[in-house]
Every structure is written in C-alpha cells, then in structure tokens.
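I have placed the structure first, in the form of structure tokens, so that the comments after it can refer back to it.
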Amino acid sequence: MAETQKYTVRLEDLDTDFSEAVVKAGGERVHICLQCGVCAASCPIFKFNEALNPRIILRSAVLGLTNRTLYSNSIWLCAACYSCTERCPHGVQPTEVIRDSLIEATGAKCVNYVEKRLCCGAPIMGVDEKLSLEIVRDKLKSIQNVGVNAIVTICPFCHTHFDLNQVRLKEDYGETYGMSVLHYTQLLGLAQGYGSDDLGLYENRVPVDDLLGIV
Ligand code: SF4
Ligand code: SF4
C-alpha cells in the first residue's frame with residue numbers, strides 16, 4: 001500500500017496568480033474535485049511512478065502551491081493521454097491543468113479562448129478536409145481575437161495542423177493569420193536558452209522570428 005503523504009501548507013507558499021491561471025485552464029469544475037482518485041487510477045504513468053498523481057497535482061495547483069506543481073518533477077511525467085480527463089466522473093480536467101502548468105513553468109502565460117478545449121480538427125483531415133480546415137480556421141480566428149504571441153502545441157498532429165495549414169487557409173480562403181506555432185519542446189528549449197537552429201525553428205512554416213526576442 002502506498003505511504004500516506006502529509007504536507008504542511010503555509011500561507012506564504014500560496015501563489016494566487018498561479019491558482020487563478022489553473023482555474024482558468026481547468027474551468028470552474030476544478031472546485032468540485034472530490035479527490036476520489038479515479039484520475040490517478042486511470043493514469044498509465046501513475047501505475048509505474050506515483051510522482052505523477054493527477055489528483056494531488058490538481059489539488060496543489062488549485063491551492064496555488066507552485067513548489068508542488070510548477071517546480072516539481074511530477075508534471076513532466078505526464079504523457080498528455082487525457083485518460084484522467086476522460087474518466088473523471090465530475091468533469092474536472094486534470095490534463096488541462098497539467099498542460100497549462102507546463103507552459104507557465106517556462107515563464108509563458110496561458111490565455112483562454114472559446115474553443116480552447118476543443119479538438120483542432122486534424123484527426124478528420126483524411127475523411128473531411130473541408131470540415132477539418134474550418135475547425136482550425138475557427139480556432140485561429142478566436143486565438144487571434146484574444147491576442148497572443150504564439151500558439152503552443154503538445155501534439156505533433158495539432159502542430160502540423162495549426163502551422164502547415166495556415167498556408168492552405170491562405171490558398172483556400174485568402175486569409176493570412178501569421179500566427180506563430182511552437183511545439184512545446186521548442187518553447188521549452190527557447191526558455192532554456194537553446195538557439196533557433198538547435199530547435200529546428202527553420203522548419204516551422206509560419207516564421208517565429210518575432211518570438212526569439214521575447215522568450
Ligand atoms: S479530478 Fe476527477 S477523478 Fe480526479 S480526484 Fe478529482 S474528481 Fe476524482
Ligand atoms: S493526461 Fe497525464 S496525468 Fe492524465 S492520465 Fe494521462 S499521463 Fe496521467
């Protein structure tokens with residue numbers, strides 16, 4: 001049986017800015033997490049490494065305990081498989097909280113937009129190209145409206161859809177978004193001081209030069 005974890009919470013450890021960012025990422029439902037543990041039981045990583053416990057990460061993040069979330073090793077183990085989010089009986093979204101925590105750990109700030117939690121449309125490209133492009137087009141419009149420096153993707157397929165298909169949207173709809181798209185590993189590399197060539201930024205279809213001075 002796993003050892004019970006005890007942790008003393010001190011008021012000075014609570015970061016309300018981070019907590020608010022987490023609530024925005026996971027939505028209001030993060031407050032109705034019952035700590036039931038279904039998410040941990042569903043996590044394929046937790047079975048092998050209990051450091052990645054989405055139940056504890058969620059509670060720590062909502063409290064604003066940055067040391068237990070942003071600056072711990074646990075969130076880096078997440079495979080973004082969405083099992084915890086799919087199986088949570090209360091509609092809480094631990095994956096969203098972990099994903100935004102990973103982005104905030106680089107110093108970047110996450111923002112919300114209407115379709116943030118919806119699919120980009122990439123998986124249906126092979127069966128309905130027009131619909132797939134319309135989905136990503138709607139998302140790009142919403143992202144443009146909230147005003148961001150870049151889109152950060154976790155999934156390589158999402159990355160291709162957002163980046164490469166801005167070229168298609170220009171051809172098909174005559175629309176130019178010019179929205180830089182970084183895969184998460186590229187954002188992390190920039191935050192760690194790696195250069196453009198090291199990170200293959202020249203492969204990105206939408207230029208990311210404007211980002212180099214601010215990341
Ligand atoms: S996030 Fe959902 S599954 Fe996980 S502990 Fe909270 S209510 Fe249970
Ligand atoms: S998304 Fe991450 S935390 Fe959730 S089940 Fe998958 S690996 Fe575990």
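Chain labels run A, B, ... following the order of the structure tokens; each chain numbers its residues from 1, and ligands are numbered from 1 in the order shown.
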
Quick one: residues within 12 Å of Tyr173 (chain A), only C-alpha atoms counted, chain neighbours fewer than 6 positions away excluded, as an NGL selection string?
:A and (130 or 133-134 or 137 or 165-167)

Any residue with an atom at most 6 Å from ligand 2 counts, using only C-alpha atoms and all ligand atoms. Which are they? Put them as an MDAnalysis selection string.
chainID A and resid 42:45 54 78:84 95

Residues within 12 Å of ligand 1 (only C-alpha atoms and all ligand atoms), as an MDAnalysis selection string?
chainID A and resid 26:27 29:43 53:62 82:98

Which polymer residues have any atom within 7 Å of an atom of region 5-14 of chain A, counting only C-alpha atoms, with same-chain residues fewer than 5 positions away left out, as number ranges by chain?
A: 63-65

Selection export as a CSV table (one decimal), in the first residue's frame, atoms kept: C-alpha atoms:
chain,number,residue,atom,x,y,z
A,63,LEU,CA,-4.3,25.9,-3.9
A,64,GLY,CA,-1.5,27.7,-5.7
A,65,LEU,CA,1.3,25.5,-4.4

Could you pull the residues within 9 Å of Phe157 (chain A), counting only C-alpha atoms, minus those fewer than 4 positions along the same chain, as a ChimeraX atom specification?
/A:122-123,153,161-162

Would you give me, as a PyMOL selection string, the residues in region 47-147 of chain A that DSSP reads as alpha helix (DSSP H)?
chain A and resi 54-63+83-87+94-104+129-146

Residues near region 190-192 of chain A, cut-off 8 Å, only C-alpha atoms, skip fewer than 6 positions along chain, as a PyMOL selection string
chain A and resi 106-107+199+212+215

Mind checking which residues fall within 8 Å of Gln144 (chain A), counting only C-alpha atoms, ignoring those fewer than 3 positions away in the same chain, and posting them as a list in words?
Leu140, Lys141, Gly147, Val148, Tyr177 and Met179 of chain A

Find the residues near Asp210 (chain A): any atom within 12 Å, counting only C-alpha atoms, skip ones fewer than 5 places away on the same chain, and give them as a PyMOL selection string.
chain A and resi 149-150+178-181+196+201+215

Saved selection, atoms kept: N, CA and C atoms, as a tab-separated table (two decimals), in the first residue's frame:
chain	number	residue	atom	x	y	z
A	149	ASN	N	1.05	35.88	-28.52
A	149	ASN	CA	2.30	35.90	-29.27
A	149	ASN	C	2.48	34.63	-30.08
A	150	ALA	N	1.93	33.53	-29.57
A	150	ALA	CA	2.11	32.25	-30.27
A	150	ALA	C	1.11	31.23	-29.77
A	178	GLY	N	-0.71	34.51	-39.96
A	178	GLY	CA	0.64	34.82	-39.48
A	178	GLY	C	0.84	34.49	-38.02
A	179	MET	N	0.16	33.44	-37.56
A	179	MET	CA	0.21	33.06	-36.14
A	179	MET	C	1.33	32.06	-35.91
A	180	SER	N	2.35	32.47	-35.19
A	180	SER	CA	3.47	31.55	-34.91
A	180	SER	C	3.00	30.38	-34.07
A	181	VAL	N	3.53	29.20	-34.40
A	181	VAL	CA	3.14	27.99	-33.68
A	181	VAL	C	4.41	27.30	-33.17
A	196	SER	N	17.82	28.89	-32.22
A	196	SER	CA	16.85	28.58	-33.27
A	196	SER	C	17.22	27.31	-34.05
A	201	LEU	N	13.72	25.57	-35.60
A	201	LEU	CA	12.65	26.55	-35.83
A	201	LEU	C	12.54	26.93	-37.30
A	215	VAL	N	11.07	35.31	-25.75
A	215	VAL	CA	11.02	34.07	-24.95
A	215	VAL	C	12.28	33.94	-24.12

Which one of A:Ile214, A:Ala21, A:Val152, A:Leu164 sits closest to Tyr184 (chain A) if you count only C-alpha atoms?
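Smallest distance to Tyr184 (chain A) is found for A:Val152.
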
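Between CA of His159 (chain A) and CA of Arg205 (chain A) the separation is 10.4 Å.
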